[in-house]
2 protein chains.
Amino acid sequence: MELQVAVAKVCKWSVRESGDTVEMIERPHGGLSFVVVDGQHTGRGAKQISNLVARKVISLLAEGVRDGAAARAAHDYLYTQYDGKVSAELHIVSIDLASETVVISHNSHCAPIISAGKEIRLIKETSEAIGVHRRKKPVITEIPLAPHMTVIVFTDGVLDAGIKHGARFDIIRFVEDELRDADIGAQKLADAILARANELDQGRPGDDTSILVIRIVPSTEEDTARRMTVRFPID
Amino acid sequence: MELQVAVAKVCKWSVRESGDTVEMIERPHGGLSFVVVDGQHTGRGAKQISNLVARKVISLLAEGVRDGAAARAAHDYLYTQYDGKVSAELHIVSIDLASETVVISHNSHCAPIISAGKEIRLIKETSEAIGVHRRKKPVITEIPLAPHMTVIVFTDGVLDAGIKHGARFDIIRFVEDELRDADIGAQKLADAILARANELDQGRPGDDTSILVIRIVPSTEEDTARRMTVRFPID
């Protein structure tokens, strides 16, 4: 099997800096964790908040702290730092090679999508943003690593795409269609979601938008290398 | 312009876990930093060392600490933790959008390669591994972000490829040939270096091997998205 992860990220239209932060860290017992944080508001202020939260979470995960504890700690830290006045939405998705599962922790109104084989669903259990009420905890979902497993996490730029033009992004239906190609790569799927959100927003994203796609696909070749690529435009 | 970064990484032949750690972190003032650490020896022990060093460096960089100070702190930390008995080789490569430069800090006998346009060179100033002598400091090199700029950093799996078969990897010559294609992508270049090292090792890497390639290429399309992909085989 091959693990594929893709991230695609754009800023809100006419804003210079995204208030979302996405970070990756290697898990000390094997595997990777991805942290997606959407800071309150937009621009520089939001970025500072999401950076603060992401930094706290990845530093704990890198030390071997379990995901749920890292999410709770991030909440307490943000709550303490800003006296309960600033919120952030937090997703942690871990590919845990020790337990051979994907662990999804979320404190967000953007419910993650999971699909194992043909079935596809949103995690319905509601959760709330961190930072503003005492003792928040994440919703944690764990699914086994298996071929054709898919996990998708996104920020509200996707959820609310097209909303000011009276449109609505039926993301579950959209992903279901895309997954008809059982071997679709994570990158292609992330790009398709971003393109559709952008289309609904008529080319002017209404909010910072981040998409994280994790897929397990059959390996096509005998290749033991791990690979990462990053691309972004610079002025 | 488009910034492209690629990482390719394999373990030493017949060893389950790589002693190298490669991590990425967003810089709070804009840009990205990549940290490549080669822990002393191989396997689990080496991994724990490289994880410790990488974790320290990225947590400092995420807080806005400058690269040279982060490298010095990682040295002091490792020296203190293991009483000067354990070494690690450390590279930090930062794409600093605030200064519009690439900053390369290294404490390693594997000299980084830099190329701006047609000229290509190794950073000749010698540096030493961190952890074993008091008050080590990195060699720091800074070059402006410009089209066709290339920076390549690697661990000794590349430097020593083929050595036990009496071969030698002339990496400068190899990269020079590859860069004749002025628009070669970072991913293609990293994969070519890895493939050549593997070939010299007759398919059995003599050491943990990590390659980091950073390139600036002209943008081909009007696309403002940032993208990251990760791929790796799982059993």
# chains A, B, ... in the order shown; residues from 1 in each chain; ligands from 1
call {"tool": "select_by_dssp", "arguments": {"residues": "region 7-230 of chain B", "states": "helix (DSSP H, G or I)", "output": "mmCIF file with N, CA, C and O atoms, in the first residue's frame"}}
result
data_model
loop_
_atom_site.group_PDB
_atom_site.id
_atom_site.type_symbol
_atom_site.label_atom_id
_atom_site.label_comp_id
_atom_site.auth_asym_id
_atom_site.auth_seq_id
_atom_site.Cartn_x
_atom_site.Cartn_y
_atom_site.Cartn_z
ATOM 1 N N GLY B 43 19.498 3.166 12.700
ATOM 2 C CA GLY B 43 18.378 2.504 13.377
ATOM 3 C C GLY B 43 17.732 3.360 14.443
ATOM 4 O O GLY B 43 17.812 4.586 14.429
ATOM 5 N N ARG B 44 17.088 2.684 15.389
ATOM 6 C CA ARG B 44 16.256 3.340 16.401
ATOM 7 C C ARG B 44 17.012 4.397 17.222
ATOM 8 O O ARG B 44 16.503 5.483 17.471
ATOM 9 N N GLY B 45 18.224 4.070 17.629
ATOM 10 C CA GLY B 45 19.021 4.994 18.442
ATOM 11 C C GLY B 45 19.297 6.291 17.698
ATOM 12 O O GLY B 45 19.130 7.391 18.227
ATOM 13 N N ALA B 46 19.703 6.133 16.434
ATOM 14 C CA ALA B 46 19.991 7.305 15.602
ATOM 15 C C ALA B 46 18.729 8.138 15.393
ATOM 16 O O ALA B 46 18.760 9.371 15.391
ATOM 17 N N LYS B 47 17.598 7.432 15.230
ATOM 18 C CA LYS B 47 16.334 8.133 15.007
ATOM 19 C C LYS B 47 15.955 8.982 16.218
ATOM 20 O O LYS B 47 15.486 10.106 16.072
ATOM 21 N N GLN B 48 16.170 8.421 17.404
ATOM 22 C CA GLN B 48 15.828 9.173 18.617
ATOM 23 C C GLN B 48 16.666 10.444 18.726
ATOM 24 O O GLN B 48 16.164 11.491 19.124
ATOM 25 N N ILE B 49 17.927 10.346 18.325
ATOM 26 C CA ILE B 49 18.797 11.525 18.370
ATOM 27 C C ILE B 49 18.353 12.565 17.333
ATOM 28 O O ILE B 49 18.204 13.747 17.632
ATOM 29 N N SER B 50 18.112 12.098 16.111
ATOM 30 C CA SER B 50 17.757 13.064 15.058
ATOM 31 C C SER B 50 16.392 13.692 15.334
ATOM 32 O O SER B 50 16.167 14.870 15.070
ATOM 33 N N ASN B 51 15.498 12.905 15.940
ATOM 34 C CA ASN B 51 14.180 13.422 16.305
ATOM 35 C C ASN B 51 14.308 14.512 17.374
ATOM 36 O O ASN B 51 13.682 15.576 17.281
ATOM 37 N N LEU B 52 15.157 14.260 18.353
ATOM 38 C CA LEU B 52 15.394 15.220 19.437
ATOM 39 C C LEU B 52 15.923 16.556 18.900
ATOM 40 O O LEU B 52 15.440 17.636 19.260
ATOM 41 N N VAL B 53 16.903 16.449 18.009
ATOM 42 C CA VAL B 53 17.521 17.658 17.451
ATOM 43 C C VAL B 53 16.522 18.406 16.558
ATOM 44 O O VAL B 53 16.352 19.624 16.681
ATOM 45 N N ALA B 54 15.839 17.665 15.686
ATOM 46 C CA ALA B 54 14.899 18.304 14.760
ATOM 47 C C ALA B 54 13.788 19.010 15.521
ATOM 48 O O ALA B 54 13.392 20.136 15.197
ATOM 49 N N ARG B 55 13.289 18.345 16.556
ATOM 50 C CA ARG B 55 12.213 18.881 17.387
ATOM 51 C C ARG B 55 12.630 20.197 18.032
ATOM 52 O O ARG B 55 11.883 21.163 18.052
ATOM 53 N N LYS B 56 13.844 20.215 18.566
ATOM 54 C CA LYS B 56 14.352 21.433 19.205
ATOM 55 C C LYS B 56 14.442 22.563 18.176
ATOM 56 O O LYS B 56 14.002 23.689 18.424
ATOM 57 N N VAL B 57 15.002 22.251 17.015
ATOM 58 C CA VAL B 57 15.201 23.299 15.998
ATOM 59 C C VAL B 57 13.869 23.840 15.501
ATOM 60 O O VAL B 57 13.663 25.058 15.456
ATOM 61 N N ILE B 58 12.934 22.954 15.144
ATOM 62 C CA ILE B 58 11.681 23.481 14.589
ATOM 63 C C ILE B 58 10.868 24.235 15.634
ATOM 64 O O ILE B 58 10.200 25.203 15.308
ATOM 65 N N SER B 59 10.944 23.811 16.905
ATOM 66 C CA SER B 59 10.156 24.538 17.901
ATOM 67 C C SER B 59 10.723 25.950 18.079
ATOM 68 O O SER B 59 9.967 26.906 18.269
ATOM 69 N N LEU B 60 12.028 26.101 17.976
ATOM 70 C CA LEU B 60 12.627 27.439 18.066
ATOM 71 C C LEU B 60 12.304 28.267 16.818
ATOM 72 O O LEU B 60 11.904 29.431 16.918
ATOM 73 N N LEU B 61 12.449 27.677 15.639
ATOM 74 C CA LEU B 61 12.162 28.424 14.400
ATOM 75 C C LEU B 61 10.708 28.890 14.367
ATOM 76 O O LEU B 61 10.407 29.999 13.925
ATOM 77 N N ALA B 62 9.806 28.025 14.865
ATOM 78 C CA ALA B 62 8.374 28.367 14.870
ATOM 79 C C ALA B 62 8.095 29.562 15.769
ATOM 80 O O ALA B 62 7.113 30.279 15.589
ATOM 81 N N ASP B 67 17.871 31.342 12.515
ATOM 82 C CA ASP B 67 18.397 30.012 12.209
ATOM 83 C C ASP B 67 19.707 29.707 12.943
ATOM 84 O O ASP B 67 19.887 28.619 13.480
ATOM 85 N N GLY B 68 20.620 30.675 12.940
ATOM 86 C CA GLY B 68 21.919 30.451 13.568
ATOM 87 C C GLY B 68 21.783 30.180 15.061
ATOM 88 O O GLY B 68 22.462 29.308 15.622
ATOM 89 N N ALA B 69 20.884 30.905 15.700
ATOM 90 C CA ALA B 69 20.646 30.715 17.135
ATOM 91 C C ALA B 69 19.994 29.354 17.393
ATOM 92 O O ALA B 69 20.311 28.673 18.372
ATOM 93 N N ALA B 70 19.096 28.941 16.497
ATOM 94 C CA ALA B 70 18.428 27.634 16.644
ATOM 95 C C ALA B 70 19.455 26.500 16.512
ATOM 96 O O ALA B 70 19.413 25.525 17.271
ATOM 97 N N ALA B 71 20.399 26.642 15.575
ATOM 98 C CA ALA B 71 21.435 25.614 15.388
ATOM 99 C C ALA B 71 22.344 25.548 16.622
ATOM 100 O O ALA B 71 22.687 24.463 17.097
ATOM 101 N N ARG B 72 22.726 26.713 17.144
ATOM 102 C CA ARG B 72 23.560 26.749 18.351
ATOM 103 C C ARG B 72 22.822 26.130 19.541
ATOM 104 O O ARG B 72 23.391 25.374 20.326
ATOM 105 N N ALA B 73 21.541 26.459 19.664
ATOM 106 C CA ALA B 73 20.743 25.917 20.772
ATOM 107 C C ALA B 73 20.630 24.395 20.658
ATOM 108 O O ALA B 73 20.727 23.675 21.660
ATOM 109 N N ALA B 74 20.443 23.889 19.433
ATOM 110 C CA ALA B 74 20.338 22.437 19.223
ATOM 111 C C ALA B 74 21.645 21.765 19.632
ATOM 112 O O ALA B 74 21.643 20.698 20.256
ATOM 113 N N HIS B 75 22.753 22.396 19.294
ATOM 114 C CA HIS B 75 24.054 21.862 19.712
ATOM 115 C C HIS B 75 24.157 21.798 21.233
ATOM 116 O O HIS B 75 24.484 20.757 21.813
ATOM 117 N N ASP B 76 23.868 22.914 21.885
ATOM 118 C CA ASP B 76 23.988 22.976 23.352
ATOM 119 C C ASP B 76 23.074 21.951 24.021
ATOM 120 O O ASP B 76 23.448 21.311 25.009
ATOM 121 N N TYR B 77 21.894 21.809 23.451
ATOM 122 C CA TYR B 77 20.889 20.878 24.000
ATOM 123 C C TYR B 77 21.391 19.438 23.889
ATOM 124 O O TYR B 77 21.371 18.682 24.867
ATOM 125 N N LEU B 78 21.866 19.071 22.707
ATOM 126 C CA LEU B 78 22.363 17.707 22.487
ATOM 127 C C LEU B 78 23.596 17.441 23.355
ATOM 128 O O LEU B 78 23.736 16.370 23.953
ATOM 129 N N TYR B 79 24.472 18.436 23.419
ATOM 130 C CA TYR B 79 25.702 18.325 24.225
ATOM 131 C C TYR B 79 25.358 18.105 25.703
ATOM 132 O O TYR B 79 25.956 17.279 26.390
ATOM 133 N N THR B 80 24.359 18.846 26.165
ATOM 134 C CA THR B 80 23.946 18.741 27.569
ATOM 135 C C THR B 80 23.258 17.400 27.836
ATOM 136 O O THR B 80 23.543 16.715 28.814
ATOM 137 N N GLN B 81 22.350 17.037 26.915
ATOM 138 C CA GLN B 81 21.540 15.822 27.083
ATOM 139 C C GLN B 81 22.410 14.563 27.138
ATOM 140 O O GLN B 81 22.159 13.667 27.926
ATOM 141 N N ASP B 156 24.909 11.655 4.414
ATOM 142 C CA ASP B 156 26.062 10.919 3.878
ATOM 143 C C ASP B 156 25.723 9.676 3.072
ATOM 144 O O ASP B 156 26.610 9.106 2.433
ATOM 145 N N GLY B 157 24.470 9.263 3.065
ATOM 146 C CA GLY B 157 24.052 8.197 2.153
ATOM 147 C C GLY B 157 24.301 8.583 0.701
ATOM 148 O O GLY B 157 24.581 7.731 -0.149
ATOM 149 N N VAL B 158 24.229 9.867 0.398
ATOM 150 C CA VAL B 158 24.526 10.358 -0.957
ATOM 151 C C VAL B 158 26.045 10.507 -1.129
ATOM 152 O O VAL B 158 26.620 9.998 -2.082
ATOM 153 N N LEU B 159 26.662 11.172 -0.169
ATOM 154 C CA LEU B 159 28.101 11.450 -0.255
ATOM 155 C C LEU B 159 28.908 10.161 -0.424
ATOM 156 O O LEU B 159 29.862 10.113 -1.214
ATOM 157 N N ILE B 163 30.662 3.687 -2.318
ATOM 158 C CA ILE B 163 32.023 3.652 -1.783
ATOM 159 C C ILE B 163 32.508 2.228 -1.503
ATOM 160 O O ILE B 163 33.666 1.898 -1.750
ATOM 161 N N LYS B 164 31.571 1.374 -1.084
ATOM 162 C CA LYS B 164 32.052 0.006 -0.788
ATOM 163 C C LYS B 164 32.184 -0.859 -2.043
ATOM 164 O O LYS B 164 32.668 -1.984 -1.969
ATOM 165 N N HIS B 165 31.751 -0.306 -3.168
ATOM 166 C CA HIS B 165 31.982 -0.993 -4.448
ATOM 167 C C HIS B 165 33.098 -0.287 -5.222
ATOM 168 O O HIS B 165 33.240 -0.470 -6.428
ATOM 169 N N ILE B 171 28.804 14.215 -7.265
ATOM 170 C CA ILE B 171 27.465 14.819 -7.221
ATOM 171 C C ILE B 171 27.406 16.179 -7.912
ATOM 172 O O ILE B 171 26.419 16.491 -8.580
ATOM 173 N N ILE B 172 28.504 16.958 -7.800
ATOM 174 C CA ILE B 172 28.520 18.266 -8.470
ATOM 175 C C ILE B 172 28.374 18.084 -9.987
ATOM 176 O O ILE B 172 27.540 18.731 -10.626
ATOM 177 N N ARG B 173 29.150 17.194 -10.550
ATOM 178 C CA ARG B 173 29.076 16.936 -11.991
ATOM 179 C C ARG B 173 27.678 16.449 -12.383
ATOM 180 O O ARG B 173 27.100 16.856 -13.380
ATOM 181 N N PHE B 174 27.140 15.532 -11.546
ATOM 182 C CA PHE B 174 25.821 14.969 -11.820
ATOM 183 C C PHE B 174 24.744 16.057 -11.835
ATOM 184 O O PHE B 174 23.926 16.137 -12.744
ATOM 185 N N VAL B 175 24.778 16.913 -10.815
ATOM 186 C CA VAL B 175 23.764 17.978 -10.712
ATOM 187 C C VAL B 175 23.920 18.978 -11.860
ATOM 188 O O VAL B 175 22.930 19.443 -12.445
ATOM 189 N N GLU B 176 25.164 19.264 -12.199
ATOM 190 C CA GLU B 176 25.442 20.181 -13.316
ATOM 191 C C GLU B 176 24.783 19.667 -14.602
ATOM 192 O O GLU B 176 24.124 20.418 -15.323
ATOM 193 N N ASP B 177 24.922 18.375 -14.846
ATOM 194 C CA ASP B 177 24.286 17.758 -16.021
ATOM 195 C C ASP B 177 22.765 17.888 -15.962
ATOM 196 O O ASP B 177 22.131 18.272 -16.935
ATOM 197 N N GLU B 178 22.207 17.589 -14.786
ATOM 198 C CA GLU B 178 20.748 17.639 -14.639
ATOM 199 C C GLU B 178 20.216 19.064 -14.847
ATOM 200 O O GLU B 178 19.153 19.265 -15.416
ATOM 201 N N ALA B 186 12.035 20.436 -8.872
ATOM 202 C CA ALA B 186 12.754 19.979 -7.674
ATOM 203 C C ALA B 186 12.571 18.474 -7.465
ATOM 204 O O ALA B 186 13.517 17.757 -7.146
ATOM 205 N N GLN B 187 11.350 18.021 -7.665
ATOM 206 C CA GLN B 187 11.032 16.602 -7.474
ATOM 207 C C GLN B 187 11.853 15.708 -8.408
ATOM 208 O O GLN B 187 12.431 14.708 -7.990
ATOM 209 N N LYS B 188 11.912 16.105 -9.673
ATOM 210 C CA LYS B 188 12.633 15.305 -10.669
ATOM 211 C C LYS B 188 14.129 15.261 -10.318
ATOM 212 O O LYS B 188 14.780 14.219 -10.434
ATOM 213 N N LEU B 189 14.651 16.393 -9.883
ATOM 214 C CA LEU B 189 16.069 16.472 -9.539
ATOM 215 C C LEU B 189 16.380 15.621 -8.294
ATOM 216 O O LEU B 189 17.367 14.859 -8.280
ATOM 217 N N ALA B 190 15.535 15.706 -7.279
ATOM 218 C CA ALA B 190 15.740 14.903 -6.060
ATOM 219 C C ALA B 190 15.677 13.411 -6.392
ATOM 220 O O ALA B 190 16.511 12.620 -5.931
ATOM 221 N N ASP B 191 14.695 13.039 -7.202
ATOM 222 C CA ASP B 191 14.550 11.629 -7.586
ATOM 223 C C ASP B 191 15.751 11.136 -8.388
ATOM 224 O O ASP B 191 16.197 10.000 -8.213
ATOM 225 N N ALA B 192 16.279 12.002 -9.258
ATOM 226 C CA ALA B 192 17.442 11.612 -10.075
ATOM 227 C C ALA B 192 18.662 11.384 -9.189
ATOM 228 O O ALA B 192 19.407 10.414 -9.380
ATOM 229 N N ILE B 193 18.867 12.243 -8.206
ATOM 230 C CA ILE B 193 20.016 12.083 -7.284
ATOM 231 C C ILE B 193 19.864 10.784 -6.481
ATOM 232 O O ILE B 193 20.806 9.998 -6.355
ATOM 233 N N LEU B 194 18.648 10.545 -5.985
ATOM 234 C CA LEU B 194 18.400 9.327 -5.211
ATOM 235 C C LEU B 194 18.624 8.082 -6.069
ATOM 236 O O LEU B 194 19.252 7.111 -5.624
ATOM 237 N N ALA B 195 18.133 8.114 -7.289
ATOM 238 C CA ALA B 195 18.270 6.959 -8.190
ATOM 239 C C ALA B 195 19.738 6.683 -8.494
ATOM 240 O O ALA B 195 20.180 5.534 -8.508
ATOM 241 N N ARG B 196 20.511 7.757 -8.708
ATOM 242 C CA ARG B 196 21.938 7.591 -9.013
ATOM 243 C C ARG B 196 22.695 7.030 -7.806
ATOM 244 O O ARG B 196 23.526 6.121 -7.945
ATOM 245 N N ALA B 197 22.370 7.536 -6.613
ATOM 246 C CA ALA B 197 23.011 7.025 -5.383
ATOM 247 C C ALA B 197 22.691 5.548 -5.196
ATOM 248 O O ALA B 197 23.561 4.726 -4.887
ATOM 249 N N ASN B 198 21.441 5.192 -5.448
ATOM 250 C CA ASN B 198 20.979 3.818 -5.307
ATOM 251 C C ASN B 198 21.666 2.883 -6.310
ATOM 252 O O ASN B 198 22.042 1.755 -5.974
ATOM 253 N N GLU B 199 21.865 3.408 -7.504
ATOM 254 C CA GLU B 199 22.535 2.653 -8.560
ATOM 255 C C GLU B 199 23.997 2.374 -8.148
ATOM 256 O O GLU B 199 24.488 1.250 -8.267
ATOM 257 N N LEU B 200 24.674 3.404 -7.638
ATOM 258 C CA LEU B 200 26.066 3.242 -7.189
ATOM 259 C C LEU B 200 26.163 2.255 -6.020
ATOM 260 O O LEU B 200 27.165 1.567 -5.854
#
call {"tool": "select_by_dssp", "arguments": {"residues": "region 7-180 of chain A", "states": "strand (DSSP E)", "output": "ChimeraX atom specification"}}
result
/A:7-10,20-26,31-39,88-96,101-107,113-116,119-122,139-144,149-154
call {"tool": "atom_distance", "arguments": {"atom1": "CA of Ala98 (chain B)", "atom2": "CA of Met24 (chain A)"}}
result
22.3 Å
call {"tool": "interface_residues", "arguments": {"of": "chain A", "to": "chain B", "cutoff": "6 Å", "atoms": "only C-alpha atoms", "output": "list in words"}}
result
Met1, Glu2, Leu3, Gln4, Val5, Ala6, Val7, Ala8, Lys9, Val10, Ala225, Arg226, Arg227, Met228, Thr229, Val230, Arg231, Phe232, Pro233 and Ile234 of chain A
call {"tool": "residues_around", "arguments": {"residues": "Lys12 (chain B)", "least_positions_apart": "4", "cutoff": "6 Å", "atoms": "only C-alpha atoms", "output": "PDB file with C-alpha atoms, in the first residue's frame"}}
result
ATOM      1  CA  PRO B 205      21.815   1.815   0.215  1.00  0.00           C
ATOM      2  CA  GLY B 206      24.944   1.774   2.415  1.00  0.00           C
ATOM      3  CA  ASP B 207      23.513   4.390   4.776  1.00  0.00           C
ATOM      4  CA  ASP B 208      20.354   6.338   5.534  1.00  0.00           C
TER       5      ASP B 208
END
call {"tool": "closest_residue", "arguments": {"among": "A:Ser105, A:Ser115, A:Thr155, A:Gln40", "to": "Ile92 (chain A)", "atoms": "only C-alpha atoms"}}
result
A:Ser105
call {"tool": "atom_distance", "arguments": {"atom1": "CA of Leu90 (chain B)", "atom2": "CA of Val153 (chain B)"}}
result
10.2 Å
call {"tool": "atom_distance", "arguments": {"atom1": "CA of Pro147 (chain B)", "atom2": "CA of Ile114 (chain B)"}}
result
13.1 Å
call {"tool": "decode", "arguments": {"residues": "region 43-65 of chain A", "atoms": "N, CA, C and O atoms", "output": "PDB file, in the first residue's frame"}}
result
ATOM      1  N   GLY A  43      -6.372  37.465   7.988  1.00  0.00           N
ATOM      2  CA  GLY A  43      -5.159  38.267   7.899  1.00  0.00           C
ATOM      3  C   GLY A  43      -4.152  37.975   8.995  1.00  0.00           C
ATOM      4  O   GLY A  43      -4.139  36.903   9.595  1.00  0.00           O
ATOM      5  N   ARG A  44      -3.302  38.970   9.270  1.00  0.00           N
ATOM      6  CA  ARG A  44      -2.166  38.813  10.170  1.00  0.00           C
ATOM      7  C   ARG A  44      -2.547  38.341  11.587  1.00  0.00           C
ATOM      8  O   ARG A  44      -1.913  37.456  12.149  1.00  0.00           O
ATOM      9  N   GLY A  45      -3.626  38.911  12.125  1.00  0.00           N
ATOM     10  CA  GLY A  45      -4.060  38.537  13.470  1.00  0.00           C
ATOM     11  C   GLY A  45      -4.455  37.074  13.545  1.00  0.00           C
ATOM     12  O   GLY A  45      -4.058  36.340  14.462  1.00  0.00           O
ATOM     13  N   ALA A  46      -5.229  36.632  12.543  1.00  0.00           N
ATOM     14  CA  ALA A  46      -5.658  35.234  12.490  1.00  0.00           C
ATOM     15  C   ALA A  46      -4.453  34.312  12.347  1.00  0.00           C
ATOM     16  O   ALA A  46      -4.396  33.235  12.939  1.00  0.00           O
ATOM     17  N   LYS A  47      -3.488  34.764  11.543  1.00  0.00           N
ATOM     18  CA  LYS A  47      -2.292  33.955  11.319  1.00  0.00           C
ATOM     19  C   LYS A  47      -1.513  33.753  12.606  1.00  0.00           C
ATOM     20  O   LYS A  47      -1.022  32.664  12.886  1.00  0.00           O
ATOM     21  N   GLN A  48      -1.402  34.824  13.383  1.00  0.00           N
ATOM     22  CA  GLN A  48      -0.656  34.711  14.644  1.00  0.00           C
ATOM     23  C   GLN A  48      -1.320  33.711  15.598  1.00  0.00           C
ATOM     24  O   GLN A  48      -0.644  32.947  16.277  1.00  0.00           O
ATOM     25  N   ILE A  49      -2.644  33.708  15.591  1.00  0.00           N
ATOM     26  CA  ILE A  49      -3.377  32.759  16.444  1.00  0.00           C
ATOM     27  C   ILE A  49      -3.185  31.331  15.946  1.00  0.00           C
ATOM     28  O   ILE A  49      -2.864  30.423  16.716  1.00  0.00           O
ATOM     29  N   SER A  50      -3.362  31.129  14.640  1.00  0.00           N
ATOM     30  CA  SER A  50      -3.264  29.754  14.128  1.00  0.00           C
ATOM     31  C   SER A  50      -1.833  29.237  14.247  1.00  0.00           C
ATOM     32  O   SER A  50      -1.604  28.064  14.520  1.00  0.00           O
ATOM     33  N   ASN A  51      -0.861  30.140  14.094  1.00  0.00           N
ATOM     34  CA  ASN A  51       0.540  29.764  14.258  1.00  0.00           C
ATOM     35  C   ASN A  51       0.818  29.324  15.701  1.00  0.00           C
ATOM     36  O   ASN A  51       1.472  28.312  15.952  1.00  0.00           O
ATOM     37  N   LEU A  52       0.284  30.085  16.640  1.00  0.00           N
ATOM     38  CA  LEU A  52       0.456  29.779  18.071  1.00  0.00           C
ATOM     39  C   LEU A  52      -0.099  28.397  18.415  1.00  0.00           C
ATOM     40  O   LEU A  52       0.549  27.587  19.086  1.00  0.00           O
ATOM     41  N   VAL A  53      -1.316  28.137  17.918  1.00  0.00           N
ATOM     42  CA  VAL A  53      -1.972  26.862  18.220  1.00  0.00           C
ATOM     43  C   VAL A  53      -1.234  25.702  17.540  1.00  0.00           C
ATOM     44  O   VAL A  53      -0.937  24.679  18.170  1.00  0.00           O
ATOM     45  N   ALA A  54      -0.904  25.882  16.265  1.00  0.00           N
ATOM     46  CA  ALA A  54      -0.236  24.806  15.513  1.00  0.00           C
ATOM     47  C   ALA A  54       1.110  24.464  16.153  1.00  0.00           C
ATOM     48  O   ALA A  54       1.472  23.300  16.299  1.00  0.00           O
ATOM     49  N   ARG A  55       1.837  25.508  16.540  1.00  0.00           N
ATOM     50  CA  ARG A  55       3.146  25.353  17.164  1.00  0.00           C
ATOM     51  C   ARG A  55       3.047  24.533  18.453  1.00  0.00           C
ATOM     52  O   ARG A  55       3.844  23.643  18.708  1.00  0.00           O
ATOM     53  N   LYS A  56       2.058  24.866  19.261  1.00  0.00           N
ATOM     54  CA  LYS A  56       1.857  24.140  20.523  1.00  0.00           C
ATOM     55  C   LYS A  56       1.542  22.662  20.241  1.00  0.00           C
ATOM     56  O   LYS A  56       2.129  21.763  20.847  1.00  0.00           O
ATOM     57  N   VAL A  57       0.635  22.428  19.289  1.00  0.00           N
ATOM     58  CA  VAL A  57       0.225  21.044  19.005  1.00  0.00           C
ATOM     59  C   VAL A  57       1.392  20.226  18.452  1.00  0.00           C
ATOM     60  O   VAL A  57       1.679  19.132  18.937  1.00  0.00           O
ATOM     61  N   ILE A  58       2.103  20.767  17.466  1.00  0.00           N
ATOM     62  CA  ILE A  58       3.169  19.940  16.873  1.00  0.00           C
ATOM     63  C   ILE A  58       4.316  19.726  17.863  1.00  0.00           C
ATOM     64  O   ILE A  58       4.935  18.666  17.843  1.00  0.00           O
ATOM     65  N   SER A  59       4.573  20.696  18.727  1.00  0.00           N
ATOM     66  CA  SER A  59       5.683  20.469  19.661  1.00  0.00           C
ATOM     67  C   SER A  59       5.320  19.360  20.646  1.00  0.00           C
ATOM     68  O   SER A  59       6.176  18.561  21.033  1.00  0.00           O
ATOM     69  N   LEU A  60       4.055  19.279  21.023  1.00  0.00           N
ATOM     70  CA  LEU A  60       3.624  18.192  21.918  1.00  0.00           C
ATOM     71  C   LEU A  60       3.631  16.842  21.184  1.00  0.00           C
ATOM     72  O   LEU A  60       4.129  15.846  21.708  1.00  0.00           O
ATOM     73  N   LEU A  61       3.082  16.817  19.978  1.00  0.00           N
ATOM     74  CA  LEU A  61       3.050  15.554  19.219  1.00  0.00           C
ATOM     75  C   LEU A  61       4.464  15.024  18.983  1.00  0.00           C
ATOM     76  O   LEU A  61       4.711  13.823  19.048  1.00  0.00           O
ATOM     77  N   ALA A  62       5.399  15.940  18.709  1.00  0.00           N
ATOM     78  CA  ALA A  62       6.784  15.533  18.450  1.00  0.00           C
ATOM     79  C   ALA A  62       7.417  14.897  19.682  1.00  0.00           C
ATOM     80  O   ALA A  62       8.347  14.108  19.571  1.00  0.00           O
ATOM     81  N   GLU A  63       6.905  15.255  20.852  1.00  0.00           N
ATOM     82  CA  GLU A  63       7.429  14.659  22.087  1.00  0.00           C
ATOM     83  C   GLU A  63       6.739  13.346  22.430  1.00  0.00           C
ATOM     84  O   GLU A  63       7.036  12.728  23.451  1.00  0.00           O
ATOM     85  N   GLY A  64       5.768  12.926  21.608  1.00  0.00           N
ATOM     86  CA  GLY A  64       5.088  11.653  21.842  1.00  0.00           C
ATOM     87  C   GLY A  64       3.774  11.787  22.601  1.00  0.00           C
ATOM     88  O   GLY A  64       3.140  10.793  22.931  1.00  0.00           O
ATOM     89  N   VAL A  65       3.352  13.030  22.864  1.00  0.00           N
ATOM     90  CA  VAL A  65       2.070  13.260  23.543  1.00  0.00           C
ATOM     91  C   VAL A  65       0.932  12.789  22.634  1.00  0.00           C
ATOM     92  O   VAL A  65       0.963  13.001  21.428  1.00  0.00           O
TER      93      VAL A  65
END
